[in-house]
Amino acid sequence: MPHLRIILALILAYMMFAVLMNSVGTVILQSILSFGVSKTQAGTLEGFKDIPVALASFFLASLMPRFGYRRGMMVGLALVAAACVAMAMADSFWMTRLLFVAVGASFGVVKIAVYSSIGLITHDRQAHASLTNTIEGLFMVGVLAGYWLFGAFIDDSDPTSRAWLDVYWVLAGLCLAAIALLASSRLDETEARVPGERIGAGFTRMLRLALRPMVLVFVISAWLYVLIEQSIGTWLPTFNNEVLKLPNAMSVQMASIFAGALALGRLSAGMLLRHMSWHVLLNVCVVAMGLLVLLTLPMAAGIADGQTTGWGNAPLAAWLFPLIGLFMAPIYPAINSVMLSALPRHEHAPMTGLIVIASALGGTTGSMITGVLFGRLGGETAFYLSLIPMAAILLALRLFRRESERLAAASMS
């Protein structure tokens, strides 16, 4: 298979950030327990992760084709490996914040590189959509694996134990393995560059892209999606622990059902999209998400402390609510692929920069709002209120379809 080695390198690099970026929910729970910080303080970790993502994407997206996608990924992974070693040794909440700054900034670079590289190694829209869904699906496999990896280092016998920090030695080693695979891979990046283009031109092109109607509607759609995904994914371990009364390690491990559902949904989305319109599929998915919230959250009421001792007697809500990820899964890669496939390859890096900025801001907004609501109104109410952005994304998807059809008609005329 052509490009197999670089595809494997892209997947491993992306999966590393799947583990680290989505560990924030676990780290929030463990920081509350072992460092004694408040929910409001712990909720700021999402900002320390996502704001650097947005800043790195904004300032570096236009420079990535010149610097090199493969080289950028290697530098990002090296920075994260160093931060993981520091996290394992520092043993403090302030280092947790610095870790997520490093992870966020590096993820901004790596995601731009991965998405732009997909355009270089695929040659039509169908192949682009298929590889995008596969890589995003395996990203969620990384998220799922992360829950179990962190859960293996959590000591349930002592909630204040900081033994969970040893997981960062493992993560540092995996970062180095990803760097080695990238170093031995080849990627032709010629089409990503515009010959003779001055350094600031790519940045100007990104700003011009942001003013296009289709791009504006897309950015709103992506922002709403990530707001929903991160608000649920980040706070699900705490929801499991405080509302469903699950033990600490089990709260983290059972949140992996959400990641597994996302992975399954994204890996299967490519097959579904061959037989039905992306717009029809995504609308069905959003409606199903809302119905699952309304059906499962009432099951979370009135659960007593100590009622759950293991997976065998876990509340039904702990099994059913995370399945919302199955319906959520196709939305993000589908709209990304529609947007990128509509653009020439030399615009993929600046467009991916806008994607990452919208995603980062949506993740920060969702997590911080949910954290405040969780602390003041309780976990059930906080998750019920996710119905509001779900309704908004239905409208945004309708506008996005209209703009994409208008662009396609204009290109044919």
# chains A, B, ... in the order shown; residues from 1 in each chain; ligands from 1
call {"tool": "residues_around", "arguments": {"residues": "region 225-239 of chain A", "least_positions_apart": "2", "cutoff": "7 Å", "atoms": "only C-alpha atoms", "output": "PyMOL selection string"}}
result
chain A and resi 24-26+29+221-223+241-244+251-252+255+332+359+362-363+365-367+370+379+386+389
call {"tool": "residues_around", "arguments": {"residues": "region 175-181 of chain A", "least_positions_apart": "6", "cutoff": "9 Å", "atoms": "only C-alpha atoms", "output": "list in words"}}
result
Arg5, Ile6, Leu8, Ala9, Leu10, Leu12, Ala13, Met16, Met73, Met74, Val75, Leu77, Ala78, Val80 and Ala81 of chain A
call {"tool": "closest_residue", "arguments": {"among": "A:Leu187, A:Val170, A:Ile303, A:Ala288", "to": "Phe327 (chain A)", "atoms": "only C-alpha atoms"}}
result
A:Ala288
call {"tool": "residues_around", "arguments": {"residues": "region 97-112 of chain A", "least_positions_apart": "5", "cutoff": "8 Å", "atoms": "only C-alpha atoms", "output": "PyMOL selection string"}}
result
chain A and resi 13-14+17+20-21+45+48-57+60-61+64+69+72-73+76-77+79-80+83-84+87+349+352-353+356
call {"tool": "closest_residue", "arguments": {"among": "A:Trp169, A:Trp278, A:Phe321, A:Phe150", "to": "Asn240 (chain A)", "atoms": "only C-alpha atoms"}}
result
A:Phe321
call {"tool": "decode", "arguments": {"residues": "region 241-286 of chain A", "atoms": "N, CA and C atoms", "output": "PDB file, in the first residue's frame"}}
result
ATOM      1  N   ASN A 241     -18.155   9.720  39.104  1.00  0.00           N
ATOM      2  CA  ASN A 241     -17.724   9.641  40.491  1.00  0.00           C
ATOM      3  C   ASN A 241     -18.727  10.286  41.446  1.00  0.00           C
ATOM      4  N   GLU A 242     -19.208  11.484  41.119  1.00  0.00           N
ATOM      5  CA  GLU A 242     -20.028  12.248  42.064  1.00  0.00           C
ATOM      6  C   GLU A 242     -21.530  12.004  41.916  1.00  0.00           C
ATOM      7  N   VAL A 243     -22.003  11.775  40.700  1.00  0.00           N
ATOM      8  CA  VAL A 243     -23.437  11.579  40.477  1.00  0.00           C
ATOM      9  C   VAL A 243     -23.797  10.101  40.487  1.00  0.00           C
ATOM     10  N   LEU A 244     -23.017   9.286  39.761  1.00  0.00           N
ATOM     11  CA  LEU A 244     -23.315   7.853  39.693  1.00  0.00           C
ATOM     12  C   LEU A 244     -22.638   7.054  40.805  1.00  0.00           C
ATOM     13  N   LYS A 245     -21.789   7.732  41.616  1.00  0.00           N
ATOM     14  CA  LYS A 245     -21.154   7.145  42.809  1.00  0.00           C
ATOM     15  C   LYS A 245     -20.245   5.956  42.494  1.00  0.00           C
ATOM     16  N   LEU A 246     -19.534   6.031  41.387  1.00  0.00           N
ATOM     17  CA  LEU A 246     -18.587   4.969  41.045  1.00  0.00           C
ATOM     18  C   LEU A 246     -17.261   5.208  41.760  1.00  0.00           C
ATOM     19  N   PRO A 247     -16.491   4.149  42.066  1.00  0.00           N
ATOM     20  CA  PRO A 247     -15.142   4.325  42.628  1.00  0.00           C
ATOM     21  C   PRO A 247     -14.258   5.134  41.672  1.00  0.00           C
ATOM     22  N   ASN A 248     -13.179   5.731  42.199  1.00  0.00           N
ATOM     23  CA  ASN A 248     -12.358   6.653  41.411  1.00  0.00           C
ATOM     24  C   ASN A 248     -11.814   6.032  40.122  1.00  0.00           C
ATOM     25  N   ALA A 249     -11.082   4.925  40.246  1.00  0.00           N
ATOM     26  CA  ALA A 249     -10.487   4.307  39.059  1.00  0.00           C
ATOM     27  C   ALA A 249     -11.561   3.862  38.077  1.00  0.00           C
ATOM     28  N   MET A 250     -12.642   3.324  38.600  1.00  0.00           N
ATOM     29  CA  MET A 250     -13.735   2.865  37.741  1.00  0.00           C
ATOM     30  C   MET A 250     -14.416   4.042  37.043  1.00  0.00           C
ATOM     31  N   SER A 251     -14.470   5.199  37.701  1.00  0.00           N
ATOM     32  CA  SER A 251     -15.056   6.395  37.088  1.00  0.00           C
ATOM     33  C   SER A 251     -14.293   6.777  35.837  1.00  0.00           C
ATOM     34  N   VAL A 252     -12.965   6.664  35.900  1.00  0.00           N
ATOM     35  CA  VAL A 252     -12.117   6.986  34.749  1.00  0.00           C
ATOM     36  C   VAL A 252     -12.241   5.907  33.679  1.00  0.00           C
ATOM     37  N   GLN A 253     -12.170   4.641  34.104  1.00  0.00           N
ATOM     38  CA  GLN A 253     -12.191   3.553  33.143  1.00  0.00           C
ATOM     39  C   GLN A 253     -13.538   3.429  32.437  1.00  0.00           C
ATOM     40  N   MET A 254     -14.633   3.709  33.156  1.00  0.00           N
ATOM     41  CA  MET A 254     -15.947   3.588  32.531  1.00  0.00           C
ATOM     42  C   MET A 254     -16.211   4.727  31.560  1.00  0.00           C
ATOM     43  N   ALA A 255     -15.499   5.832  31.736  1.00  0.00           N
ATOM     44  CA  ALA A 255     -15.605   6.921  30.751  1.00  0.00           C
ATOM     45  C   ALA A 255     -15.035   6.492  29.411  1.00  0.00           C
ATOM     46  N   SER A 256     -14.259   5.399  29.402  1.00  0.00           N
ATOM     47  CA  SER A 256     -13.701   4.904  28.143  1.00  0.00           C
ATOM     48  C   SER A 256     -14.800   4.403  27.206  1.00  0.00           C
ATOM     49  N   ILE A 257     -15.984   4.108  27.741  1.00  0.00           N
ATOM     50  CA  ILE A 257     -17.099   3.708  26.877  1.00  0.00           C
ATOM     51  C   ILE A 257     -17.427   4.831  25.897  1.00  0.00           C
ATOM     52  N   PHE A 258     -17.354   6.073  26.388  1.00  0.00           N
ATOM     53  CA  PHE A 258     -17.607   7.240  25.542  1.00  0.00           C
ATOM     54  C   PHE A 258     -16.589   7.297  24.405  1.00  0.00           C
ATOM     55  N   ALA A 259     -15.322   7.119  24.737  1.00  0.00           N
ATOM     56  CA  ALA A 259     -14.271   7.136  23.712  1.00  0.00           C
ATOM     57  C   ALA A 259     -14.434   5.967  22.749  1.00  0.00           C
ATOM     58  N   GLY A 260     -14.796   4.794  23.276  1.00  0.00           N
ATOM     59  CA  GLY A 260     -15.003   3.635  22.415  1.00  0.00           C
ATOM     60  C   GLY A 260     -16.164   3.849  21.452  1.00  0.00           C
ATOM     61  N   ALA A 261     -17.231   4.477  21.952  1.00  0.00           N
ATOM     62  CA  ALA A 261     -18.379   4.769  21.088  1.00  0.00           C
ATOM     63  C   ALA A 261     -18.001   5.756  19.993  1.00  0.00           C
ATOM     64  N   LEU A 262     -17.186   6.770  20.350  1.00  0.00           N
ATOM     65  CA  LEU A 262     -16.712   7.719  19.343  1.00  0.00           C
ATOM     66  C   LEU A 262     -15.854   7.019  18.289  1.00  0.00           C
ATOM     67  N   ALA A 263     -14.980   6.141  18.748  1.00  0.00           N
ATOM     68  CA  ALA A 263     -14.115   5.411  17.804  1.00  0.00           C
ATOM     69  C   ALA A 263     -14.941   4.561  16.851  1.00  0.00           C
ATOM     70  N   LEU A 264     -15.892   3.801  17.396  1.00  0.00           N
ATOM     71  CA  LEU A 264     -16.739   2.943  16.561  1.00  0.00           C
ATOM     72  C   LEU A 264     -17.541   3.768  15.568  1.00  0.00           C
ATOM     73  N   GLY A 265     -18.087   4.893  16.050  1.00  0.00           N
ATOM     74  CA  GLY A 265     -18.886   5.744  15.180  1.00  0.00           C
ATOM     75  C   GLY A 265     -18.081   6.326  14.033  1.00  0.00           C
ATOM     76  N   ARG A 266     -16.845   6.743  14.317  1.00  0.00           N
ATOM     77  CA  ARG A 266     -16.022   7.351  13.258  1.00  0.00           C
ATOM     78  C   ARG A 266     -15.493   6.316  12.278  1.00  0.00           C
ATOM     79  N   LEU A 267     -15.127   5.147  12.781  1.00  0.00           N
ATOM     80  CA  LEU A 267     -14.618   4.115  11.884  1.00  0.00           C
ATOM     81  C   LEU A 267     -15.712   3.584  10.962  1.00  0.00           C
ATOM     82  N   SER A 268     -16.964   3.600  11.439  1.00  0.00           N
ATOM     83  CA  SER A 268     -18.070   3.117  10.609  1.00  0.00           C
ATOM     84  C   SER A 268     -18.672   4.219   9.741  1.00  0.00           C
ATOM     85  N   ALA A 269     -18.385   5.482  10.059  1.00  0.00           N
ATOM     86  CA  ALA A 269     -18.979   6.595   9.314  1.00  0.00           C
ATOM     87  C   ALA A 269     -18.568   6.587   7.847  1.00  0.00           C
ATOM     88  N   GLY A 270     -17.328   6.190   7.568  1.00  0.00           N
ATOM     89  CA  GLY A 270     -16.867   6.149   6.183  1.00  0.00           C
ATOM     90  C   GLY A 270     -17.734   5.248   5.317  1.00  0.00           C
ATOM     91  N   MET A 271     -18.151   4.090   5.862  1.00  0.00           N
ATOM     92  CA  MET A 271     -19.005   3.174   5.108  1.00  0.00           C
ATOM     93  C   MET A 271     -20.398   3.752   4.918  1.00  0.00           C
ATOM     94  N   LEU A 272     -20.940   4.373   5.967  1.00  0.00           N
ATOM     95  CA  LEU A 272     -22.283   4.950   5.871  1.00  0.00           C
ATOM     96  C   LEU A 272     -22.341   6.088   4.866  1.00  0.00           C
ATOM     97  N   LEU A 273     -21.268   6.894   4.830  1.00  0.00           N
ATOM     98  CA  LEU A 273     -21.265   8.058   3.946  1.00  0.00           C
ATOM     99  C   LEU A 273     -21.153   7.685   2.472  1.00  0.00           C
ATOM    100  N   ARG A 274     -20.827   6.422   2.192  1.00  0.00           N
ATOM    101  CA  ARG A 274     -20.815   5.972   0.800  1.00  0.00           C
ATOM    102  C   ARG A 274     -22.225   5.749   0.270  1.00  0.00           C
ATOM    103  N   HIS A 275     -23.189   5.625   1.190  1.00  0.00           N
ATOM    104  CA  HIS A 275     -24.549   5.260   0.791  1.00  0.00           C
ATOM    105  C   HIS A 275     -25.601   6.316   1.141  1.00  0.00           C
ATOM    106  N   MET A 276     -25.218   7.370   1.835  1.00  0.00           N
ATOM    107  CA  MET A 276     -26.199   8.399   2.191  1.00  0.00           C
ATOM    108  C   MET A 276     -25.532   9.758   2.293  1.00  0.00           C
ATOM    109  N   SER A 277     -26.340  10.794   2.200  1.00  0.00           N
ATOM    110  CA  SER A 277     -25.848  12.164   2.278  1.00  0.00           C
ATOM    111  C   SER A 277     -25.266  12.455   3.653  1.00  0.00           C
ATOM    112  N   TRP A 278     -24.130  13.172   3.677  1.00  0.00           N
ATOM    113  CA  TRP A 278     -23.524  13.533   4.958  1.00  0.00           C
ATOM    114  C   TRP A 278     -24.488  14.377   5.787  1.00  0.00           C
ATOM    115  N   HIS A 279     -25.263  15.228   5.138  1.00  0.00           N
ATOM    116  CA  HIS A 279     -26.171  16.108   5.879  1.00  0.00           C
ATOM    117  C   HIS A 279     -27.287  15.313   6.554  1.00  0.00           C
ATOM    118  N   VAL A 280     -27.832  14.315   5.842  1.00  0.00           N
ATOM    119  CA  VAL A 280     -28.889  13.477   6.431  1.00  0.00           C
ATOM    120  C   VAL A 280     -28.337  12.704   7.621  1.00  0.00           C
ATOM    121  N   LEU A 281     -27.149  12.089   7.453  1.00  0.00           N
ATOM    122  CA  LEU A 281     -26.552  11.304   8.534  1.00  0.00           C
ATOM    123  C   LEU A 281     -26.317  12.159   9.777  1.00  0.00           C
ATOM    124  N   LEU A 282     -25.766  13.360   9.587  1.00  0.00           N
ATOM    125  CA  LEU A 282     -25.433  14.194  10.739  1.00  0.00           C
ATOM    126  C   LEU A 282     -26.672  14.698  11.458  1.00  0.00           C
ATOM    127  N   ASN A 283     -27.736  15.003  10.713  1.00  0.00           N
ATOM    128  CA  ASN A 283     -28.969  15.436  11.368  1.00  0.00           C
ATOM    129  C   ASN A 283     -29.594  14.316  12.192  1.00  0.00           C
ATOM    130  N   VAL A 284     -29.574  13.110  11.652  1.00  0.00           N
ATOM    131  CA  VAL A 284     -30.073  11.948  12.408  1.00  0.00           C
ATOM    132  C   VAL A 284     -29.257  11.769  13.685  1.00  0.00           C
ATOM    133  N   CYS A 285     -27.950  11.940  13.571  1.00  0.00           N
ATOM    134  CA  CYS A 285     -27.062  11.764  14.725  1.00  0.00           C
ATOM    135  C   CYS A 285     -27.347  12.790  15.827  1.00  0.00           C
ATOM    136  N   VAL A 286     -27.539  14.048  15.464  1.00  0.00           N
ATOM    137  CA  VAL A 286     -27.788  15.085  16.470  1.00  0.00           C
ATOM    138  C   VAL A 286     -29.113  14.836  17.184  1.00  0.00           C
TER     139      VAL A 286
END
